[in-house]
Amino acid sequence: SKLTASEEDMLPILNDLHGRGLMLLDARSTRFSVDDKVARRISMPRALNNLYIDNTVNAASIIENLTTLENTARSYGAAVGVANALPLTIHEIEIWARGLEDRGFQLVPVTAIANRQPVR
């Protein structure tokens with residue numbers, strides 16, 4: 001998190017990754033992250049975490065956060081959630097994902113979200 005707050009430190013890293021054809025997924029682990037700003041400046045494709053899905057590891061919290069993520073996607077046209085690979089999280093996401101199409105959503109790879117989120 002400390003590293004992502006430094007433009008001076010992040011610029012050479014993001015330049016190298018961009019040169020390899022990669023995109024940035026900024027997990028936004030700190031509100032001081034400059035990754036999005038630097039990526040925009042070097043025209044690097046990017047996506048931003050809108051919500052940590054399982055900061056609190058219980059089914060009710062995960063379900064609530066997935067609903068919040070849907071609301072964000074409905075408002076802005078796209079949303080990205082970051083989660084841990086925990087059995088409960090995977091289970092709840094699996095159940096949630098089954099009904100996405102019926103609710104008018106599509107689960108896509110993060111590359112489909114690149115540069116589609118509003119600048120914050």
# chains A, B, ... in the order shown; residues from 1 in each chain; ligands from 1
>>> residues_around(residues="A:Ser43", least_positions_apart="4", cutoff="9 Å", atoms="only C-alpha atoms", output="MDAnalysis selection string")
chainID A and resid 18 38:39
>>> write_last_selection(atoms="all heavy atoms", output="PDB file, in the first residue's frame")
ATOM      1  N   HIS A  18       3.202  -2.035 -18.552  1.00  0.00           N
ATOM      2  CA  HIS A  18       2.502  -1.572 -19.759  1.00  0.00           C
ATOM      3  C   HIS A  18       3.276  -1.991 -21.006  1.00  0.00           C
ATOM      4  O   HIS A  18       2.679  -2.428 -21.998  1.00  0.00           O
ATOM      5  CB  HIS A  18       2.321  -0.058 -19.692  1.00  0.00           C
ATOM      6  CG  HIS A  18       1.556   0.525 -20.837  1.00  0.00           C
ATOM      7  ND1 HIS A  18       0.431  -0.048 -21.368  1.00  0.00           N
ATOM      8  CD2 HIS A  18       1.758   1.664 -21.548  1.00  0.00           C
ATOM      9  CE1 HIS A  18      -0.032   0.699 -22.355  1.00  0.00           C
ATOM     10  NE2 HIS A  18       0.768   1.740 -22.484  1.00  0.00           N
ATOM     11  N   VAL A  38      -1.325   7.417 -12.509  1.00  0.00           N
ATOM     12  CA  VAL A  38      -0.120   7.116 -13.286  1.00  0.00           C
ATOM     13  C   VAL A  38      -0.494   6.303 -14.524  1.00  0.00           C
ATOM     14  O   VAL A  38      -0.024   6.588 -15.633  1.00  0.00           O
ATOM     15  CB  VAL A  38       0.935   6.385 -12.431  1.00  0.00           C
ATOM     16  CG1 VAL A  38       2.124   5.946 -13.277  1.00  0.00           C
ATOM     17  CG2 VAL A  38       1.403   7.279 -11.285  1.00  0.00           C
ATOM     18  N   ALA A  39      -1.352   5.317 -14.369  1.00  0.00           N
ATOM     19  CA  ALA A  39      -1.763   4.487 -15.505  1.00  0.00           C
ATOM     20  C   ALA A  39      -2.453   5.333 -16.577  1.00  0.00           C
ATOM     21  O   ALA A  39      -2.185   5.165 -17.771  1.00  0.00           O
ATOM     22  CB  ALA A  39      -2.684   3.362 -15.041  1.00  0.00           C
TER      23      ALA A  39
END
>>> residues_around(residues="stretch 50-63 of chain A", least_positions_apart="5", cutoff="8 Å", atoms="only C-alpha atoms", output="PDB file with C-alpha atoms, in the first residue's frame")
ATOM      1  CA  LEU A  69     -21.432  -4.233  -6.272  1.00  0.00           C
ATOM      2  CA  THR A  72     -22.488   0.177  -8.451  1.00  0.00           C
ATOM      3  CA  ALA A  79     -17.945  -2.581 -11.376  1.00  0.00           C
ATOM      4  CA  VAL A  80     -15.047  -4.634 -10.060  1.00  0.00           C
ATOM      5  CA  GLY A  81     -14.985  -6.538  -6.792  1.00  0.00           C
ATOM      6  CA  VAL A  82     -11.928  -8.042  -5.152  1.00  0.00           C
ATOM      7  CA  ALA A  83     -12.186 -11.093  -2.929  1.00  0.00           C
ATOM      8  CA  ASN A  84     -10.033 -13.663  -1.224  1.00  0.00           C
ATOM      9  CA  LEU A  88     -17.131 -19.394   1.834  1.00  0.00           C
ATOM     10  CA  THR A  89     -16.450 -16.495  -0.529  1.00  0.00           C
ATOM     11  CA  GLU A  92     -21.366 -17.280  -2.118  1.00  0.00           C
ATOM     12  CA  TRP A  96     -24.770 -15.090  -6.665  1.00  0.00           C
TER      13      TRP A  96
END
>>> select_by_dssp(residues="stretch 37-104 of chain A", states="strand (DSSP E or B)", output="PyMOL selection string")
chain A and resi 46-48+51-52+81-82
>>> closest_residue(among="A:Arg28, A:Leu66, A:Arg116, A:Thr111", to="A:Ile95", atoms="only C-alpha atoms")
A:Leu66
>>> residues_around(residues="A:Glu7", least_positions_apart="3", cutoff="9 Å", atoms="only C-alpha atoms", output="PyMOL selection string")
chain A and resi 3-4+10-11+33-35+37-38
>>> atom_distance(atom1="atom CA of A:Asn115", atom2="atom CA of A:Ile90")
26.5 Å
>>> residues_around(residues="A:Lys2", least_positions_apart="5", cutoff="10 Å", atoms="only C-alpha atoms", output="ChimeraX atom specification")
/A:9,29-30,32-33
>>> select_by_dssp(residues="chain A", states="alpha helix (DSSP H)", output="number ranges by chain")
A: 7-19, 35-41, 59-76, 87-98
>>> write_last_selection(atoms="N, CA and C atoms", output="compact mmCIF listing (two decimals), in the first residue's frame")
# COMPACT_ATOMS: atom_id res chain seq x y z
N GLU A 7 4.09 8.20 -6.72
CA GLU A 7 4.17 8.28 -8.18
C GLU A 7 5.59 7.96 -8.66
N GLU A 8 6.57 8.47 -7.97
CA GLU A 8 7.96 8.25 -8.34
C GLU A 8 8.31 6.75 -8.37
N ASP A 9 7.80 6.01 -7.40
CA ASP A 9 8.08 4.57 -7.34
C ASP A 9 7.22 3.78 -8.32
N MET A 10 5.99 4.20 -8.52
CA MET A 10 5.08 3.42 -9.36
C MET A 10 5.29 3.64 -10.85
N LEU A 11 5.77 4.80 -11.25
CA LEU A 11 5.93 5.08 -12.68
C LEU A 11 6.81 4.06 -13.39
N PRO A 12 8.01 3.75 -12.92
CA PRO A 12 8.81 2.76 -13.65
C PRO A 12 8.19 1.36 -13.64
N ILE A 13 7.52 1.01 -12.57
CA ILE A 13 6.88 -0.31 -12.49
C ILE A 13 5.75 -0.40 -13.50
N LEU A 14 4.88 0.61 -13.52
CA LEU A 14 3.75 0.58 -14.45
C LEU A 14 4.22 0.73 -15.89
N ASN A 15 5.25 1.51 -16.14
CA ASN A 15 5.81 1.60 -17.50
C ASN A 15 6.28 0.23 -17.97
N ASP A 16 6.96 -0.50 -17.10
CA ASP A 16 7.45 -1.83 -17.47
C ASP A 16 6.29 -2.78 -17.74
N LEU A 17 5.30 -2.79 -16.86
CA LEU A 17 4.15 -3.68 -17.06
C LEU A 17 3.38 -3.32 -18.33
N HIS A 18 3.20 -2.04 -18.55
CA HIS A 18 2.50 -1.57 -19.76
C HIS A 18 3.28 -1.99 -21.01
N GLY A 19 4.59 -1.89 -20.95
CA GLY A 19 5.43 -2.30 -22.07
C GLY A 19 5.32 -3.79 -22.37
N ASP A 35 -1.93 4.77 -8.44
CA ASP A 35 -1.81 3.87 -9.59
C ASP A 35 -2.71 4.27 -10.75
N ASP A 36 -3.96 4.59 -10.48
CA ASP A 36 -4.89 4.97 -11.54
C ASP A 36 -4.40 6.22 -12.26
N LYS A 37 -3.97 7.19 -11.50
CA LYS A 37 -3.48 8.45 -12.07
C LYS A 37 -2.27 8.21 -12.98
N VAL A 38 -1.32 7.42 -12.51
CA VAL A 38 -0.12 7.12 -13.29
C VAL A 38 -0.49 6.30 -14.52
N ALA A 39 -1.35 5.32 -14.37
CA ALA A 39 -1.76 4.49 -15.51
C ALA A 39 -2.45 5.33 -16.58
N ARG A 40 -3.32 6.24 -16.18
CA ARG A 40 -3.97 7.13 -17.15
C ARG A 40 -2.94 7.96 -17.89
N ARG A 41 -1.95 8.47 -17.15
CA ARG A 41 -0.94 9.34 -17.75
C ARG A 41 -0.12 8.61 -18.81
N ALA A 59 -21.41 -15.10 5.45
CA ALA A 59 -22.28 -15.15 4.27
C ALA A 59 -23.12 -13.88 4.12
N ALA A 60 -23.70 -13.40 5.19
CA ALA A 60 -24.57 -12.22 5.10
C ALA A 60 -23.81 -11.00 4.60
N SER A 61 -22.61 -10.80 5.09
CA SER A 61 -21.79 -9.67 4.67
C SER A 61 -21.38 -9.79 3.21
N ILE A 62 -20.99 -10.98 2.80
CA ILE A 62 -20.59 -11.20 1.41
C ILE A 62 -21.76 -10.95 0.48
N ILE A 63 -22.93 -11.47 0.81
CA ILE A 63 -24.13 -11.26 -0.01
C ILE A 63 -24.47 -9.77 -0.09
N GLU A 64 -24.39 -9.08 1.04
CA GLU A 64 -24.66 -7.64 1.05
C GLU A 64 -23.68 -6.90 0.14
N ASN A 65 -22.42 -7.27 0.20
CA ASN A 65 -21.42 -6.60 -0.63
C ASN A 65 -21.60 -6.91 -2.10
N LEU A 66 -22.01 -8.11 -2.43
CA LEU A 66 -22.28 -8.44 -3.83
C LEU A 66 -23.47 -7.63 -4.36
N THR A 67 -24.46 -7.41 -3.53
CA THR A 67 -25.60 -6.56 -3.91
C THR A 67 -25.14 -5.12 -4.11
N THR A 68 -24.28 -4.65 -3.24
CA THR A 68 -23.72 -3.29 -3.39
C THR A 68 -22.93 -3.19 -4.69
N LEU A 69 -22.20 -4.22 -5.03
CA LEU A 69 -21.43 -4.23 -6.27
C LEU A 69 -22.37 -4.17 -7.48
N GLU A 70 -23.47 -4.89 -7.42
CA GLU A 70 -24.47 -4.82 -8.49
C GLU A 70 -25.01 -3.39 -8.63
N ASN A 71 -25.30 -2.75 -7.52
CA ASN A 71 -25.82 -1.39 -7.55
C ASN A 71 -24.80 -0.43 -8.16
N THR A 72 -23.54 -0.64 -7.85
CA THR A 72 -22.49 0.18 -8.45
C THR A 72 -22.45 -0.04 -9.96
N ALA A 73 -22.52 -1.28 -10.38
CA ALA A 73 -22.51 -1.59 -11.81
C ALA A 73 -23.73 -1.00 -12.51
N ARG A 74 -24.87 -1.03 -11.85
CA ARG A 74 -26.08 -0.46 -12.43
C ARG A 74 -25.93 1.05 -12.60
N SER A 75 -25.31 1.70 -11.63
CA SER A 75 -25.13 3.15 -11.68
C SER A 75 -24.09 3.59 -12.68
N TYR A 76 -22.98 2.84 -12.77
CA TYR A 76 -21.85 3.29 -13.58
C TYR A 76 -21.58 2.47 -14.83
N PRO A 87 -13.10 -20.56 0.82
CA PRO A 87 -14.21 -21.43 0.45
C PRO A 87 -15.58 -20.77 0.58
N LEU A 88 -15.83 -20.05 1.67
CA LEU A 88 -17.13 -19.39 1.83
C LEU A 88 -17.34 -18.33 0.77
N THR A 89 -16.34 -17.54 0.49
CA THR A 89 -16.45 -16.49 -0.53
C THR A 89 -16.74 -17.11 -1.89
N ILE A 90 -16.00 -18.13 -2.25
CA ILE A 90 -16.20 -18.79 -3.54
C ILE A 90 -17.60 -19.36 -3.63
N HIS A 91 -18.07 -19.97 -2.57
CA HIS A 91 -19.43 -20.54 -2.53
C HIS A 91 -20.48 -19.45 -2.73
N GLU A 92 -20.36 -18.35 -2.01
CA GLU A 92 -21.37 -17.28 -2.12
C GLU A 92 -21.33 -16.61 -3.50
N ILE A 93 -20.14 -16.44 -4.05
CA ILE A 93 -20.04 -15.86 -5.40
C ILE A 93 -20.65 -16.81 -6.43
N GLU A 94 -20.44 -18.09 -6.25
CA GLU A 94 -21.02 -19.07 -7.17
C GLU A 94 -22.55 -18.99 -7.17
N ILE A 95 -23.14 -18.93 -6.00
CA ILE A 95 -24.60 -18.82 -5.90
C ILE A 95 -25.08 -17.52 -6.51
N TRP A 96 -24.41 -16.42 -6.16
CA TRP A 96 -24.77 -15.09 -6.66
C TRP A 96 -24.67 -15.03 -8.19
N ALA A 97 -23.62 -15.60 -8.74
CA ALA A 97 -23.37 -15.52 -10.18
C ALA A 97 -24.44 -16.24 -10.99
N ARG A 98 -25.04 -17.28 -10.42
CA ARG A 98 -26.08 -18.03 -11.15
C ARG A 98 -27.25 -17.16 -11.56
